[in-house]
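Undergrad: Sending over structure34.cif (mmCIF, C-alpha atoms and all ligand atoms).
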```cif
data_upload
#
loop_
_atom_site.label_atom_id
_atom_site.label_comp_id
_atom_site.auth_asym_id
_atom_site.auth_seq_id
_atom_site.Cartn_x
_atom_site.Cartn_y
_atom_site.Cartn_z
CA MET M 1155 178.58 -45.83 108.40
CA VAL M 1156 176.74 -47.61 105.62
CA LYS M 1157 178.10 -46.76 102.23
CA LYS M 1158 175.30 -45.46 100.04
CA ILE M 1159 175.23 -46.38 96.37
CA ASP M 1160 175.09 -43.25 94.28
CA ILE M 1161 172.17 -44.09 92.00
CA TYR M 1162 172.77 -40.95 89.92
CA LYS M 1163 176.26 -42.03 88.91
CA LYS M 1164 176.82 -43.42 85.40
CA CYS M 1165 175.75 -47.02 84.87
CA TRP M 1166 178.43 -49.75 84.90
CA CYS M 1167 177.39 -50.86 81.41
CA ASN M 1168 178.83 -47.73 79.73
CA SER M 1169 175.45 -46.70 78.31
CA GLY M 1170 176.13 -43.16 79.54
CA LYS M 1171 172.79 -43.20 81.38
CA SER M 1172 172.53 -42.90 85.15
CA TYR M 1173 172.56 -46.15 87.09
CA LYS M 1174 169.03 -45.38 88.28
CA ASN M 1175 167.73 -45.06 84.72
CA CYS M 1176 169.70 -48.02 83.43
CA HIS M 1177 170.67 -51.25 85.24
CA MET M 1178 169.46 -50.50 88.78
CA THR M 1179 166.13 -52.30 88.46
CA PHE M 1180 167.87 -55.13 86.59
CA ASP M 1181 170.48 -55.57 89.34
CA LEU M 1182 167.84 -55.60 92.07
CA LYS M 1183 165.85 -58.25 90.21
CA VAL M 1184 168.97 -60.38 89.65
CA GLU M 1185 169.82 -60.26 93.32
CA SER M 1186 166.37 -61.11 94.58
CA GLN M 1187 165.87 -63.95 92.07
CA ALA M 1188 169.32 -65.39 92.77
CA LYS M 1189 168.48 -65.46 96.46
CA LYS M 1190 165.08 -67.00 95.86
CA LEU M 1191 166.45 -69.75 93.60
CA ASN M 1192 169.67 -70.33 95.57
CA ALA M 1193 171.68 -69.36 92.49
CA LEU M 1194 174.85 -67.32 92.05
CA VAL M 1195 174.72 -63.70 90.90
CA PRO M 1196 176.30 -63.38 87.43
CA THR M 1197 179.34 -61.10 87.26
CA ARG M 1198 179.12 -57.93 85.18
CA ARG M 1199 181.52 -59.36 82.63
CA MET M 1200 179.01 -62.13 81.99
CA ILE M 1201 176.36 -59.61 81.01
CA LYS M 1202 177.00 -58.22 77.54
CA THR M 1203 175.79 -54.80 76.43
CA GLU M 1204 173.67 -54.18 73.31
CA LYS M 1205 176.79 -53.08 71.48
CA ASP M 1206 178.70 -56.22 72.50
CA ILE M 1207 175.82 -58.42 71.39
CA GLU M 1208 175.76 -56.69 68.00
CA GLY M 1209 179.49 -57.43 67.68
CA ILE M 1210 179.09 -61.07 68.73
CA LYS M 1211 176.24 -61.43 66.20
CA LYS M 1212 178.55 -60.30 63.41
CA ALA M 1213 181.15 -62.89 64.41
CA ALA M 1214 178.38 -65.49 64.63
CA ALA M 1215 177.12 -64.63 61.13
CA ILE M 1216 180.55 -65.33 59.68
CA ASN M 1217 180.86 -68.52 61.74
CA ASN M 1218 177.46 -69.65 60.40
CA GLY M 1219 178.41 -68.85 56.82
CA LEU M 1220 181.56 -70.91 57.27
CA LEU M 1221 179.62 -73.93 58.57
CA ASP M 1222 177.08 -73.55 55.72
CA MET M 1223 179.98 -73.57 53.27
CA VAL M 1224 181.36 -76.76 54.87
CA GLU M 1225 177.89 -78.32 54.79
CA GLU M 1226 177.64 -77.73 51.02
CA ARG M 1227 181.00 -79.22 50.18
CA ILE M 1228 181.68 -81.95 52.71
CA LYS M 1229 181.58 -85.45 51.23
CA GLU M 1230 183.18 -88.86 51.01
CA GLY M 1231 186.78 -88.80 49.77
CA ILE M 1232 187.90 -85.43 51.07
CA SER M 1233 190.45 -85.08 53.86
CA THR M 1234 189.94 -83.11 57.05
CA LEU M 1235 192.92 -80.99 56.02
CA GLU M 1236 190.99 -79.89 52.93
CA ILE M 1237 188.10 -78.79 55.15
CA ASP M 1238 190.54 -76.79 57.25
CA ASN M 1239 191.93 -75.17 54.09
CA TRP M 1240 188.42 -74.13 52.96
CA CYS M 1241 187.86 -72.54 56.36
CA VAL M 1242 191.16 -70.67 56.39
CA GLU M 1243 190.24 -69.24 52.99
CA TYR M 1244 186.69 -68.38 54.07
CA LEU M 1245 187.81 -66.55 57.20
CA LYS M 1246 190.40 -64.60 55.22
CA GLU M 1247 187.77 -63.51 52.69
CA HIS M 1248 185.59 -62.30 55.55
CA HIS M 1249 188.40 -60.45 57.35
CA ALA M 1250 187.92 -62.73 60.34
CA HIS M 1251 190.18 -65.09 62.27
CA SER M 1252 190.01 -68.53 63.79
CA ALA M 1253 190.25 -68.34 67.56
CA ASP M 1254 191.23 -72.01 67.55
CA PHE M 1255 194.43 -71.42 65.62
CA ASN M 1256 197.36 -71.35 68.05
CA TYR M 1257 194.98 -71.53 71.04
CA GLN M 1258 197.25 -73.09 73.66
CA GLY M 1259 199.33 -74.26 70.73
CA TYR M 1260 196.46 -75.82 68.76
CA PRO M 1261 197.88 -76.27 65.24
CA LYS M 1262 194.85 -75.82 62.97
CA SER M 1263 191.91 -73.45 62.45
CA ILE M 1264 189.02 -75.84 63.11
CA CYS M 1265 188.38 -79.12 64.90
CA THR M 1266 187.28 -82.16 62.91
CA SER M 1267 186.20 -85.08 65.09
CA ILE M 1268 185.30 -88.30 63.29
CA ASN M 1269 183.33 -91.26 64.77
CA ASP M 1270 184.98 -92.19 68.10
CA VAL M 1271 186.77 -88.85 68.40
CA ILE M 1272 184.87 -86.89 71.04
CA CYS M 1273 186.32 -83.47 70.25
CA HIS M 1274 189.42 -81.49 69.20
CA GLY M 1275 190.26 -83.80 66.29
CA ILE M 1276 193.09 -82.12 64.37
CA PRO M 1277 192.60 -81.75 60.60
CA ASN M 1278 195.18 -83.71 58.62
CA GLU M 1279 195.71 -85.17 55.19
CA LYS M 1280 195.46 -88.79 56.34
CA ASP M 1281 191.89 -88.59 57.64
CA ILE M 1282 189.82 -89.13 54.51
CA LEU M 1283 186.06 -89.16 54.95
CA LYS M 1284 184.41 -92.45 54.08
CA ASN M 1285 180.86 -93.53 53.52
CA GLY M 1286 179.15 -94.05 56.91
CA ASP M 1287 181.36 -91.67 58.92
CA ILE M 1288 179.93 -89.09 61.29
CA ILE M 1289 182.01 -85.97 61.79
CA ASN M 1290 181.78 -82.86 63.93
CA VAL M 1291 183.21 -79.64 62.55
CA ASP M 1292 183.77 -77.01 65.26
CA VAL M 1293 185.05 -73.48 64.77
CA THR M 1294 185.27 -70.28 66.76
CA THR M 1295 185.38 -67.08 64.73
CA GLU M 1296 186.90 -63.85 65.98
CA TYR M 1297 185.72 -60.71 64.18
CA LYS M 1298 186.65 -57.21 65.33
CA GLY M 1299 187.40 -58.44 68.84
CA TYR M 1300 184.21 -60.48 69.29
CA TYR M 1301 183.92 -64.27 69.37
CA ALA M 1302 181.28 -66.82 68.38
CA ASP M 1303 181.60 -70.60 68.66
CA ALA M 1304 179.55 -73.37 67.02
CA SER M 1305 179.74 -76.89 65.68
CA ARG M 1306 177.60 -79.22 63.63
CA MET M 1307 177.53 -82.93 62.84
CA PHE M 1308 177.69 -84.16 59.27
CA MET M 1309 176.72 -87.65 58.16
CA ILE M 1310 178.77 -88.89 55.22
CA GLY M 1311 176.84 -90.90 52.66
CA GLN M 1312 174.75 -93.68 54.15
CA VAL M 1313 175.33 -93.93 57.91
CA SER M 1314 174.10 -96.71 60.19
CA LEU M 1315 170.79 -96.34 62.01
CA GLU M 1316 172.72 -96.36 65.29
CA ALA M 1317 174.91 -93.49 64.16
CA GLU M 1318 171.95 -91.46 62.95
CA ARG M 1319 170.07 -92.08 66.19
CA LEU M 1320 173.06 -90.80 68.20
CA VAL M 1321 173.47 -87.69 66.04
CA LEU M 1322 169.76 -86.82 66.28
CA ALA M 1323 169.62 -87.51 70.02
CA THR M 1324 172.63 -85.25 70.56
CA LYS M 1325 170.88 -82.45 68.70
CA GLU M 1326 167.86 -83.06 70.90
CA CYS M 1327 170.15 -82.76 73.96
CA LEU M 1328 171.18 -79.31 72.71
CA ASN M 1329 167.54 -78.33 72.14
CA ILE M 1330 166.50 -79.60 75.56
CA GLY M 1331 169.42 -77.75 77.14
CA MET M 1332 168.42 -74.48 75.46
CA ALA M 1333 164.79 -74.96 76.50
CA GLN M 1334 165.91 -74.68 80.16
CA ILE M 1335 166.87 -71.04 79.63
CA LYS M 1336 164.23 -69.00 81.44
CA PRO M 1337 165.62 -65.53 82.18
CA PHE M 1338 165.53 -64.71 85.90
CA GLU M 1339 163.80 -68.06 86.54
CA SER M 1340 166.43 -70.73 85.87
CA GLN M 1341 170.13 -71.26 86.42
CA VAL M 1342 173.00 -72.72 84.42
CA ARG M 1343 172.87 -76.11 86.17
CA ASP M 1344 169.32 -76.72 84.86
CA ILE M 1345 170.80 -77.12 81.38
CA GLY M 1346 173.02 -80.05 82.37
CA ILE M 1347 170.39 -81.69 84.55
CA ALA M 1348 167.96 -81.81 81.62
CA ILE M 1349 170.56 -82.94 79.07
CA GLU M 1350 171.78 -85.80 81.26
CA LYS M 1351 168.26 -87.01 81.93
CA TYR M 1352 167.43 -87.19 78.23
CA ALA M 1353 170.79 -88.72 77.21
CA HIS M 1354 170.43 -91.45 79.84
CA SER M 1355 166.83 -92.12 78.77
CA MET M 1356 168.23 -92.88 75.31
CA GLY M 1357 170.86 -95.23 76.74
CA TYR M 1358 173.76 -92.83 76.11
CA SER M 1359 176.39 -91.29 78.37
CA VAL M 1360 177.44 -87.65 78.73
CA VAL M 1361 181.07 -86.58 78.45
CA GLU M 1362 181.99 -84.68 81.62
CA GLU M 1363 185.54 -83.61 80.82
CA TYR M 1364 184.53 -80.75 78.50
CA CYS M 1365 181.80 -78.22 78.92
CA GLY M 1366 180.07 -75.22 77.40
CA HIS M 1367 181.13 -71.73 78.39
CA GLY M 1368 180.57 -68.03 78.26
CA VAL M 1369 181.77 -66.49 74.99
CA GLY M 1370 182.06 -63.04 73.46
CA TYR M 1371 185.15 -61.10 74.51
CA LYS M 1372 187.19 -64.30 74.32
CA MET M 1373 186.58 -67.85 73.12
CA HIS M 1374 186.25 -69.24 76.64
CA GLU M 1375 184.81 -67.21 79.49
CA ASP M 1376 182.91 -67.87 82.69
CA PRO M 1377 180.53 -69.45 83.40
CA PHE M 1378 181.17 -73.13 82.79
CA VAL M 1379 178.09 -74.79 81.32
CA LEU M 1380 178.06 -78.43 82.42
CA HIS M 1381 176.14 -80.96 80.32
CA TYR M 1382 175.59 -83.33 83.24
CA ALA M 1383 173.74 -83.02 86.54
CA ASN M 1384 175.54 -81.14 89.27
CA TYR M 1385 173.36 -79.69 91.99
CA ASN M 1386 175.76 -77.09 93.37
CA PRO M 1387 174.42 -73.55 93.03
CA SER M 1388 175.23 -72.11 89.61
CA TYR M 1389 174.77 -68.73 87.94
CA LEU M 1390 171.28 -67.36 87.45
CA LEU M 1391 170.46 -67.03 83.73
CA VAL M 1392 169.73 -63.38 82.93
CA PRO M 1393 169.35 -61.29 79.76
CA GLY M 1394 172.65 -60.35 78.15
CA MET M 1395 174.50 -63.53 79.04
CA VAL M 1396 176.10 -65.18 76.01
CA ILE M 1397 176.94 -68.85 76.42
CA THR M 1398 177.56 -71.99 74.43
CA ILE M 1399 175.83 -75.30 74.97
CA GLU M 1400 177.78 -78.11 73.34
CA PRO M 1401 176.91 -81.57 74.66
CA MET M 1402 179.22 -84.43 73.75
CA ILE M 1403 177.21 -87.62 73.88
CA ASN M 1404 178.70 -91.12 73.77
CA GLU M 1405 177.04 -94.22 72.42
CA GLY M 1406 178.84 -96.30 75.05
CA VAL M 1407 180.74 -95.57 78.24
CA LYS M 1408 181.64 -92.11 79.49
CA GLY M 1409 185.20 -90.96 80.05
CA ILE M 1410 187.90 -90.04 77.55
CA ARG M 1411 191.27 -91.30 76.44
CA PHE M 1412 194.14 -89.97 74.37
CA LYS M 1413 196.39 -91.66 71.85
CA GLU M 1414 200.14 -91.37 71.71
CA GLY M 1415 201.58 -88.31 70.04
CA ASP M 1416 198.39 -86.23 70.17
CA THR M 1417 197.40 -84.39 73.34
CA TRP M 1418 194.38 -82.75 71.67
CA SER M 1419 192.12 -85.38 70.11
CA SER M 1420 190.09 -87.14 72.78
CA TYR M 1421 188.59 -90.55 72.04
CA THR M 1422 185.90 -92.70 73.57
CA LYS M 1423 187.29 -95.41 75.85
CA ASP M 1424 185.39 -98.21 74.13
CA GLY M 1425 185.87 -97.08 70.53
CA LYS M 1426 182.14 -96.48 70.16
CA LEU M 1427 180.73 -93.36 68.54
CA SER M 1428 180.54 -89.88 70.03
CA SER M 1429 178.61 -86.90 68.74
CA GLN M 1430 178.35 -83.17 69.49
CA TRP M 1431 176.38 -80.09 68.46
CA GLU M 1432 177.17 -76.57 69.66
CA HIS M 1433 175.35 -73.27 69.57
CA THR M 1434 176.22 -69.79 70.79
CA ILE M 1435 173.15 -68.39 72.51
CA VAL M 1436 172.24 -65.02 73.99
CA VAL M 1437 169.77 -64.89 76.86
CA THR M 1438 167.03 -62.34 76.07
CA GLU M 1439 164.27 -60.67 78.13
CA ASP M 1440 161.81 -63.42 77.30
CA GLY M 1441 163.96 -66.44 76.48
CA TYR M 1442 166.99 -66.82 74.27
CA GLU M 1443 168.19 -66.27 70.75
CA ILE M 1444 170.41 -68.72 68.90
CA LEU M 1445 173.20 -66.75 67.24
CA SER M 1446 174.76 -69.69 65.44
CA LYS M 1447 171.87 -70.29 63.04
N1 LIG U 1501 185.58 -74.73 69.77
C1 LIG U 1501 185.94 -75.45 70.96
C2 LIG U 1501 184.84 -75.19 71.97
O1 LIG U 1501 183.73 -75.45 71.64
C3 LIG U 1501 187.29 -75.10 71.45
C4 LIG U 1501 188.36 -75.55 70.54
S1 LIG U 1501 189.87 -75.14 71.17
C5 LIG U 1501 190.96 -75.78 70.06
O2 LIG U 1501 184.99 -74.70 73.05
F1 LIG U 1501 192.09 -75.29 70.37
F2 LIG U 1501 190.91 -77.07 70.12
F3 LIG U 1501 190.59 -75.41 68.85
CO CO U 1502 182.63 -74.00 72.76
CO CO U 1503 183.32 -74.96 69.64
#
```
Transcribe the structure of this file into structure tokens.
TA:
Amino acid sequence: MVKKIDIYKKCWCNSGKSYKNCHMTFDLKVESQAKKLNALVPTRRMIKTEKDIEGIKKAAAINNGLLDMVEERIKEGISTLEIDNWCVEYLKEHHAHSADFNYQGYPKSICTSINDVICHGIPNEKDILKNGDIINVDVTTEYKGYYADASRMFMIGQVSLEAERLVLATKECLNIGMAQIKPFESQVRDIGIAIEKYAHSMGYSVVEEYCGHGVGYKMHEDPFVLHYANYNPSYLLVPGMVITIEPMINEGVKGIRFKEGDTWSSYTKDGKLSSQWEHTIVVTEDGYEILSK
């Protein structure tokens, strides 16, 4: 016997409405579009409710305020440990927490990645910012059980034209990635395909070892958001999905390496520059909204 779905039962999203009057039409559309586009059907956990999105927005607002605060103060002569201290203080004042702190043993509250550090640079008193440095500051804020994740590049004093070109092109990679979000009409892989194409057109390489991710109930959730081209079927992009896009773009060769005594900070293989920008984004009915802005 075929099991009939009870369309009068309560919807899976906890709205209290019947399935028929809530997500039924949505689910049918997701399934038919996924089939049409040879994409995967997002899991329910990937689709956040209105209430969840409100919560994530609050975490994102604090995360943004923190990055604005860093942007105002960051300058030549300060150490990355000082930046971490500012952030610890800021989060405390806002009754929020760093999701980075103690994440798989990570020792600090933010990541500070200078020049040839690709990501996960650990704040410390010895790294003093100098004129011409480029630095990424990345933080994930947890507020009342919801998470938002973002990072920005900062150029210290007068940077080289090459460095500036890389930083701007990386931001463009993020913008191009976001522009691929077409609810019910595109899938996660389209983001990476477009980013890689642009990065290569600029003569840069894309870091493949780290990727964007779902975010909201935790810092890292499904789906993975690759920043390079991979043509395997990926999840259909549908309203309610909250993801990060966070391309790491290298001036020179791709690939990563580590230095002795630090299993976190990843470096470019050739010592050339690397840059990264990250946004938390919610897919909406007609496009997307950037939460980390
Ligand atoms: N914020 C990083 C990301 O964009 C994750 C940092 S994990 C840490 O996904 F432990 F290194 F902080
Ligand atoms: Co992230
Ligand atoms: Co991040």
Undergrad: Env of Met1178 of chain M: 10 Å cut, atoms = all atoms listed in the file, seq-sep filter 6 positions within chain, self excluded. Answer as JSON, numbers by chain.
TA: {"M": [1161, 1165, 1166, 1172, 1184]}
Undergrad: Can you spit out the residues from that selection as a PDB file, keeping the file's coordinate frame, using C-alpha atoms?
TA:
```pdb
ATOM      1  CA  ILE M1161     172.170 -44.090  92.000  1.00  0.00           C
ATOM      2  CA  CYS M1165     175.750 -47.020  84.870  1.00  0.00           C
ATOM      3  CA  TRP M1166     178.430 -49.750  84.900  1.00  0.00           C
ATOM      4  CA  SER M1172     172.530 -42.900  85.150  1.00  0.00           C
ATOM      5  CA  VAL M1184     168.970 -60.380  89.650  1.00  0.00           C
TER       6      VAL M1184
END
```
Undergrad: Counting all atoms listed in the file, which residues come within 9 Å of (186.6, -60.7, 73.5), with the point read in the file's coordinates, and could you list them as a PyMOL selection string?
TA: chain M and resi 1210+1296+1298-1301+1369-1373
Undergrad: For a quick check of understanding, using only C-alpha atoms, which of M:Arg1343, M:Lys1163, M:Lys1205, M:His1433 has the smallest distance to Tyr1382 of chain M?
TA: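 Ranked by minimum distance to Tyr1382 of chain M, first place goes to M:Arg1343.
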Undergrad: For ligand CO 1503 (chain U), collect every residue having any atom at a distance of at most 8 Å from a ligand atom (counting only C-alpha atoms and all ligand atoms); output as an MDAnalysis selection string.
TA: chainID M and resid 1292:1294 1303:1305 1400 1432
Undergrad: Please, which residues in chain M fall within 9 Å of ligand LIG 1501 (chain U) when counting all atoms listed in the file, and what is the closest atom pair and distance in Å to one decimal for each, ordered by chain then residue number, as CSV?
TA:
```
residue,atom,partner,partner_atom,distance
M:Ser1252,CA,U:LIG1501,F3,8.6
M:Ala1253,CA,U:LIG1501,F3,7.2
M:Asp1254,CA,U:LIG1501,F3,3.7
M:Phe1255,CA,U:LIG1501,F3,6.4
M:Asn1256,CA,U:LIG1501,F1,7.0
M:Tyr1257,CA,U:LIG1501,F1,4.8
M:Gln1258,CA,U:LIG1501,F1,6.5
M:Gly1259,CA,U:LIG1501,F1,7.3
M:Tyr1260,CA,U:LIG1501,F1,4.7
M:Pro1261,CA,U:LIG1501,F1,7.8
M:Lys1262,CA,U:LIG1501,F3,7.3
M:Ser1263,CA,U:LIG1501,F3,6.8
M:Ile1264,CA,U:LIG1501,F3,6.0
M:Cys1265,CA,U:LIG1501,F3,5.9
M:Cys1273,CA,U:LIG1501,F2,7.9
M:His1274,CA,U:LIG1501,F2,4.8
M:Gly1275,CA,U:LIG1501,F2,7.8
M:Ile1276,CA,U:LIG1501,F2,8.0
M:Asp1292,CA,U:LIG1501,N1,5.4
M:Val1293,CA,U:LIG1501,N1,5.2
M:Thr1294,CA,U:LIG1501,N1,5.4
M:Asp1303,CA,U:LIG1501,N1,5.8
M:Ala1304,CA,U:LIG1501,O1,6.6
M:Ser1305,CA,U:LIG1501,O1,7.3
M:Tyr1364,CA,U:LIG1501,O2,8.2
M:Cys1365,CA,U:LIG1501,O2,7.6
M:Gly1366,CA,U:LIG1501,O2,6.6
M:His1367,CA,U:LIG1501,O2,7.2
M:Met1373,CA,U:LIG1501,O2,7.0
M:His1374,CA,U:LIG1501,O2,6.7
M:Thr1398,CA,U:LIG1501,O1,7.6
M:Ile1399,CA,U:LIG1501,O1,8.6
M:Glu1400,CA,U:LIG1501,O1,6.7
M:Trp1418,CA,U:LIG1501,F2,6.8
M:Ser1419,CA,U:LIG1501,F2,8.4
M:Glu1432,CA,U:LIG1501,O1,6.9
M:His1433,CA,U:LIG1501,O1,8.9
```
Undergrad: Give the centre and edge lengths of an axis-aligned box, in Å to one decimal, that holds all listed atoms of segment 1332-1344 of chain M with 6 Å on each side, as lines of an AutoDock Vina configuration file.
TA:
```
center_x = 168.4
center_y = -70.7
center_z = 81.0
size_x = 21.2
size_y = 24.0
size_z = 23.1
```
Undergrad: Wanna dump the segment 1258-1278 of chain M-segment 1213-1235 of chain M contacts at 8 Å for me, each residue with its shortest atom pair and the distance in Å to one decimal, counting only C-alpha atoms, ordered by chain and number, as a tab-separated table?
TA:
```
residue	atom	partner	partner_atom	distance
M:Thr1266	CA	M:Thr1234	CA	6.5
M:Pro1277	CA	M:Thr1234	CA	4.6
M:Asn1278	CA	M:Leu1235	CA	4.4
```
Undergrad: Would you please work out which residue, of M:Leu1320, M:Ile1237, M:Ala1383, M:Ile1207, is nearest to Ile1397 of chain M when using all atoms listed in the file?
TA: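 Nearest to Ile1397 of chain M: M:Ile1207.
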Undergrad: What gap, in Å, lies between atom CA of Met1402 of chain M and atom CA of Leu1390 of chain M?
TA: 23.3 Å
Undergrad: So how many Å separate atom CA of Met1307 of chain M and atom CA of Tyr1244 of chain M, to one decimal?
TA: 19.3 Å
Undergrad: Please list as a list in words every residue within 12 Å of Asn1168 of chain M, counting all atoms listed in the file and excluding residues in the same chain fewer than 3 positions away.
TA: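 Counting all atoms listed in the file, the residues come to Lys1163, Lys1164, Cys1165, Lys1171, Ser1172, Tyr1173, Cys1176, His1177, Arg1198, Lys1202, Thr1203, Glu1204, Lys1205 and Asp1206 of chain M.
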Undergrad: When you draw a straight line from atom CA of Ser1428 of chain M to atom CA of Glu1405 of chain M, how long is it in Å?
TA: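 Taking atom CA of Ser1428 of chain M as the start and atom CA of Glu1405 of chain M as the end point, the length is 6.1 Å.
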Undergrad: When you count all atoms listed in the file, which of these residues is closest to Ile1347 of chain M: M:Gly1394, M:Pro1401, M:Gly1441, M:Val1321?
TA: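 The closest residue to Ile1347 of chain M is M:Pro1401.
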Undergrad: Go through M:Ile1268, M:Val1392, M:Val1360, M:Ala1353 and flag the residue nearest Thr1438 of chain M, using all atoms listed in the file for the distances.
TA: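 Residue with the minimum atom-to-atom distance to Thr1438 of chain M: M:Val1392.
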Undergrad: Counting only C-alpha atoms and all ligand atoms, which residue out of M:Glu1339, M:Asp1270, M:Asp1416, M:Asp1376 sits closest to ligand CO 1502 (chain U)?
TA: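 Checking each candidate against ligand CO 1502 (chain U), we get M:Asp1376 as the closest.
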Undergrad: Here is a test: counting only C-alpha atoms and all ligand atoms, which residue of M:Val1407, M:Met1200, M:Ile1435, M:Val1195 is nearest to ligand CO 1502 (chain U)?
TA: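 Residue with the minimum atom-to-atom distance to ligand CO 1502 (chain U): M:Ile1435.
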Undergrad: Could you pull out every residue with an atom within 10 Å of (168.1, -69.1, 77.1), file coordinates, counting only C-alpha atoms, and send them as a list in words?
TA: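 Residues with an atom at most 10 Å from (168.1, -69.1, 77.1): Gly1331, Met1332, Ala1333, Gln1334, Ile1335, Lys1336, Pro1337, Ser1340, Gln1341, Val1342, Ile1345, Leu1391, Val1392, Pro1393, Gly1394, Met1395, Val1396, Ile1397, Ile1435, Val1436, Val1437, Thr1438, Glu1439, Asp1440, Gly1441, Tyr1442, Glu1443 and Ile1444 of chain M.
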